[in-house]
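A quick write-up on the structure given underneath.
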Amino acid sequence: MSTFNPNEILWEETVPGGNHWSGLMRRGSALRFTDLQGGANVSLLLYNFEEKLERYNMPDSLKAQHTAFLTTGNVCYSDMGRVMCSFIRDTVGWHDTMCGISDAKLIEQKYGVANYQTHRNDMYRSAKDGLLIELAKHGLGQRDLVANMNLFSKVSANDTGGLVFNADNSQAGDVVDLRFDMNVLVVLSTAPHPLDTAAIYKPSDVLLTSWHAGHAPENDICRNACEQNQRGFINTERFYAN
């Protein structure tokens, strides 16, 4: 695992809260997500850049690693059994995998209406709308919306089976580092988590920082977290074998 070196940054960009972004992360690169104000949420989708019908598969990622959330040592599997990216560092400890994304109706019900005509760049945006805008840039659309992950957000079950949103899961300055083990189209929104308990619409900004991390070594924490991950990395490496 390559450690983060500020002198080797490839590029850096801030995604304002409630906005959206997409781009190619090449195999061997890494992307750090930094919660700038605390309470951030990043609704994240992943696609094989060469063949976009292959994409992040939430059920396989969870059952292969016997977990309900993602953190350091976990990987994200595609629906072809390949490792798309790996959680190589995480100061948060829990990232939601099950609760989906906000849509325009939910945002209006929770926060009211603030459109571009009245609020300009401070308009209220939903994760669904943001993701669809980014997907359209790459020839994808609503049918390509699959189960996502929500970085920085924690949702747990209480004793009666209800879902509980943890508003203090991520603090200002918390980071999660993803190493990309395939060439991946990353699509994201920084709109609020659908279960966010905040009374006002004020999602946190997120800083994206990319650097070259290299390929997963034999002693990689994610590769060796479980036997299934070892097989997943083999599947990925065969895909890129010359």
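To be explicit about the labels: the chains of the structure tokens are called A, B, and onward in the order shown, and within each one the residues are counted from 1, while ligands get numbers from 1 in the order they are shown.
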
Practice item. Pick out the residues sitting within 10 Å of stretch 95-107 of chain A, and hand them over as a VMD selection string; count only C-alpha atoms, and ignore anything fewer than 5 positions along from it in its own chain. Key: chain A and resid 41 to 44 58 to 59 61 to 62 67 to 71 90 112 to 114 124 to 131 146 to 156 163 165 169 to 170 176 189 191 to 196 201

**Study point:** Within 8 Å of A:Arg32 using only C-alpha atoms, minus same-chain residues under 4 positions, as a PyMOL selection string
**Key:** chain A and resi 175-178+207-210

Check your understanding: What is the atom CA of A:Phe180 to atom CA of A:Ile9 distance in Å?
Key ->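 For atom CA of A:Phe180 relative to atom CA of A:Ile9, the distance reads 15.3 Å.
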
Check your understanding: Skipping near chain neighbours, those fewer than 3 positions away, what residues fall within 12 Å of A:Val184 using only C-alpha atoms, listed as an MDAnalysis selection string?
Key -> chainID A and resid 22:31 44:56 76:78 82:86 178:181 187

Point to revise | Test item: residues at most 7 Å from A:Ala172, only C-alpha atoms, excluding those fewer than 3 positions along its chain, as a ChimeraX atom specification | key: /A:35-38

Review point. When DSSP works through the backbone of this structure, what residues of stretch 121-198 of chain A end up as strand (DSSP E), shown as a list in words?
Key: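 DSSP-assigned strand (DSSP E) residues in stretch 121-198 of chain A: Met149, Asn150, Leu151, Lys154, Val155, Ser156, Ala157, Leu163, Val164, Phe165, Asn166, Val175, Val176, Asp177, Leu178, Arg179, Phe180, Val184, Leu185, Val186, Val187, Leu188 and Ser189 of chain A.
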
Enumerate as an mmCIF file with N, CA, C and O atoms, in the first residue's frame all residues of stretch 69-175 of chain A assigned to helix (DSSP H, G or I) by DSSP on the backbone, naming them with the chain letters and numbers the document uses.
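Ended up saving to out36.cif:
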```cif
data_model
loop_
_atom_site.group_PDB
_atom_site.id
_atom_site.type_symbol
_atom_site.label_atom_id
_atom_site.label_comp_id
_atom_site.auth_asym_id
_atom_site.auth_seq_id
_atom_site.Cartn_x
_atom_site.Cartn_y
_atom_site.Cartn_z
ATOM 1 N N ALA A 104 -35.521 14.249 -5.537
ATOM 2 C CA ALA A 104 -36.048 15.613 -5.436
ATOM 3 C C ALA A 104 -37.231 15.695 -4.473
ATOM 4 O O ALA A 104 -37.370 16.670 -3.718
ATOM 5 N N LYS A 105 -38.090 14.685 -4.490
ATOM 6 C CA LYS A 105 -39.266 14.687 -3.611
ATOM 7 C C LYS A 105 -38.847 14.658 -2.144
ATOM 8 O O LYS A 105 -39.409 15.390 -1.314
ATOM 9 N N LEU A 106 -37.871 13.819 -1.821
ATOM 10 C CA LEU A 106 -37.406 13.737 -0.440
ATOM 11 C C LEU A 106 -36.778 15.055 0.002
ATOM 12 O O LEU A 106 -37.026 15.530 1.117
ATOM 13 N N ILE A 107 -35.948 15.655 -0.848
ATOM 14 C CA ILE A 107 -35.305 16.924 -0.504
ATOM 15 C C ILE A 107 -36.360 18.002 -0.248
ATOM 16 O O ILE A 107 -36.273 18.776 0.713
ATOM 17 N N GLU A 108 -37.388 18.049 -1.085
ATOM 18 C CA GLU A 108 -38.452 19.043 -0.900
ATOM 19 C C GLU A 108 -39.214 18.810 0.396
ATOM 20 O O GLU A 108 -39.532 19.763 1.130
ATOM 21 N N GLN A 109 -39.504 17.534 0.711
ATOM 22 C CA GLN A 109 -40.226 17.224 1.940
ATOM 23 C C GLN A 109 -39.431 17.609 3.187
ATOM 24 O O GLN A 109 -39.993 18.093 4.173
ATOM 25 N N LYS A 110 -38.110 17.412 3.152
ATOM 26 C CA LYS A 110 -37.280 17.650 4.327
ATOM 27 C C LYS A 110 -36.846 19.106 4.479
ATOM 28 O O LYS A 110 -36.747 19.620 5.599
ATOM 29 N N TYR A 111 -36.575 19.763 3.327
ATOM 30 C CA TYR A 111 -35.934 21.080 3.404
ATOM 31 C C TYR A 111 -36.710 22.200 2.722
ATOM 32 O O TYR A 111 -36.341 23.370 2.851
ATOM 33 N N TYR A 116 -32.844 27.042 -8.762
ATOM 34 C CA TYR A 116 -31.797 27.896 -9.309
ATOM 35 C C TYR A 116 -32.299 29.319 -9.553
ATOM 36 O O TYR A 116 -31.554 30.290 -9.372
ATOM 37 N N GLN A 117 -33.567 29.454 -9.937
ATOM 38 C CA GLN A 117 -34.116 30.775 -10.225
ATOM 39 C C GLN A 117 -34.121 31.680 -8.994
ATOM 40 O O GLN A 117 -34.004 32.910 -9.107
ATOM 41 N N THR A 118 -34.256 31.090 -7.823
ATOM 42 C CA THR A 118 -34.318 31.891 -6.594
ATOM 43 C C THR A 118 -33.025 31.886 -5.786
ATOM 44 O O THR A 118 -32.709 32.859 -5.108
ATOM 45 N N HIS A 119 -32.268 30.764 -5.860
ATOM 46 C CA HIS A 119 -31.101 30.620 -4.977
ATOM 47 C C HIS A 119 -29.781 30.424 -5.723
ATOM 48 O O HIS A 119 -28.734 30.277 -5.094
ATOM 49 N N ARG A 120 -29.820 30.389 -7.055
ATOM 50 C CA ARG A 120 -28.620 30.200 -7.873
ATOM 51 C C ARG A 120 -27.826 28.983 -7.382
ATOM 52 O O ARG A 120 -28.372 27.927 -7.186
ATOM 53 N N ASN A 121 -26.536 29.123 -7.154
ATOM 54 C CA ASN A 121 -25.724 27.960 -6.796
ATOM 55 C C ASN A 121 -26.022 27.403 -5.411
ATOM 56 O O ASN A 121 -25.514 26.335 -5.049
ATOM 57 N N ASP A 122 -26.826 28.117 -4.634
ATOM 58 C CA ASP A 122 -27.245 27.598 -3.321
ATOM 59 C C ASP A 122 -28.557 26.824 -3.404
ATOM 60 O O ASP A 122 -29.176 26.532 -2.382
ATOM 61 N N ALA A 127 -29.271 13.805 -4.585
ATOM 62 C CA ALA A 127 -28.215 12.925 -5.103
ATOM 63 C C ALA A 127 -28.632 12.293 -6.428
ATOM 64 O O ALA A 127 -27.821 12.183 -7.355
ATOM 65 N N LYS A 128 -29.906 11.895 -6.537
ATOM 66 C CA LYS A 128 -30.352 11.245 -7.767
ATOM 67 C C LYS A 128 -30.190 12.156 -8.971
ATOM 68 O O LYS A 128 -29.672 11.744 -10.016
ATOM 69 N N ASP A 129 -30.621 13.402 -8.840
ATOM 70 C CA ASP A 129 -30.506 14.331 -9.953
ATOM 71 C C ASP A 129 -29.042 14.565 -10.318
ATOM 72 O O ASP A 129 -28.682 14.607 -11.502
ATOM 73 N N GLY A 130 -28.192 14.720 -9.314
ATOM 74 C CA GLY A 130 -26.774 14.944 -9.578
ATOM 75 C C GLY A 130 -26.121 13.762 -10.259
ATOM 76 O O GLY A 130 -25.335 13.923 -11.210
ATOM 77 N N LEU A 131 -26.415 12.564 -9.792
ATOM 78 C CA LEU A 131 -25.834 11.369 -10.398
ATOM 79 C C LEU A 131 -26.303 11.197 -11.838
ATOM 80 O O LEU A 131 -25.512 10.821 -12.719
ATOM 81 N N LEU A 132 -27.569 11.487 -12.104
ATOM 82 C CA LEU A 132 -28.083 11.347 -13.471
ATOM 83 C C LEU A 132 -27.418 12.349 -14.416
ATOM 84 O O LEU A 132 -27.138 12.020 -15.580
ATOM 85 N N ILE A 133 -27.148 13.550 -13.938
ATOM 86 C CA ILE A 133 -26.443 14.535 -14.764
ATOM 87 C C ILE A 133 -25.057 14.014 -15.136
ATOM 88 O O ILE A 133 -24.624 14.087 -16.294
ATOM 89 N N GLU A 134 -24.346 13.457 -14.158
ATOM 90 C CA GLU A 134 -22.999 12.948 -14.428
ATOM 91 C C GLU A 134 -23.039 11.702 -15.302
ATOM 92 O O GLU A 134 -22.210 11.538 -16.211
ATOM 93 N N LEU A 135 -23.984 10.803 -15.067
ATOM 94 C CA LEU A 135 -24.090 9.595 -15.880
ATOM 95 C C LEU A 135 -24.336 9.941 -17.345
ATOM 96 O O LEU A 135 -23.781 9.307 -18.256
ATOM 97 N N ALA A 136 -25.153 10.968 -17.601
ATOM 98 C CA ALA A 136 -25.465 11.350 -18.982
ATOM 99 C C ALA A 136 -24.216 11.794 -19.737
ATOM 100 O O ALA A 136 -24.134 11.624 -20.969
ATOM 101 N N GLN A 142 -30.777 6.521 -16.327
ATOM 102 C CA GLN A 142 -31.490 6.068 -15.133
ATOM 103 C C GLN A 142 -31.404 4.563 -14.942
ATOM 104 O O GLN A 142 -31.335 4.089 -13.807
ATOM 105 N N ARG A 143 -31.417 3.796 -16.020
ATOM 106 C CA ARG A 143 -31.344 2.341 -15.866
ATOM 107 C C ARG A 143 -29.986 1.886 -15.342
ATOM 108 O O ARG A 143 -29.829 0.727 -14.932
ATOM 109 N N ASP A 144 -28.998 2.791 -15.363
ATOM 110 C CA ASP A 144 -27.665 2.451 -14.866
ATOM 111 C C ASP A 144 -27.467 2.848 -13.411
ATOM 112 O O ASP A 144 -26.381 2.657 -12.866
#
```

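Between A:Thr72 and the candidates A:Lys202, A:Arg238, A:His212, A:Arg223, the tightest atom-to-atom separation, counting only C-alpha atoms, involves A:Arg223.
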
Check your understanding: Leaving out A:Asp174 and any residue of its chain fewer than 3 positions from it, which residues lie within 6 Å of it when counting only C-alpha atoms, given as a ChimeraX atom specification?
Key -> /A:34-35,91,171

Output for the residues just chosen: N, CA, C and O atoms as a compact mmCIF listing (two decimals), in the first residue's frame:
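Wrote it out as again_17.txt, contents follow:
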```txt
# COMPACT_ATOMS: atom_id res chain seq x y z
N THR A 34 -11.86 14.01 1.54
CA THR A 34 -11.72 14.70 2.82
C THR A 34 -13.00 15.46 3.14
O THR A 34 -13.46 16.29 2.35
N ASP A 35 -13.58 15.17 4.30
CA ASP A 35 -14.76 15.88 4.80
C ASP A 35 -14.28 17.23 5.34
O ASP A 35 -13.58 17.28 6.34
N THR A 91 -10.31 7.10 8.30
CA THR A 91 -10.34 7.62 9.67
C THR A 91 -11.75 7.67 10.23
O THR A 91 -11.94 8.08 11.37
N GLN A 171 -16.20 13.71 11.15
CA GLN A 171 -15.83 15.03 11.64
C GLN A 171 -15.02 15.78 10.58
O GLN A 171 -14.47 15.18 9.66
```
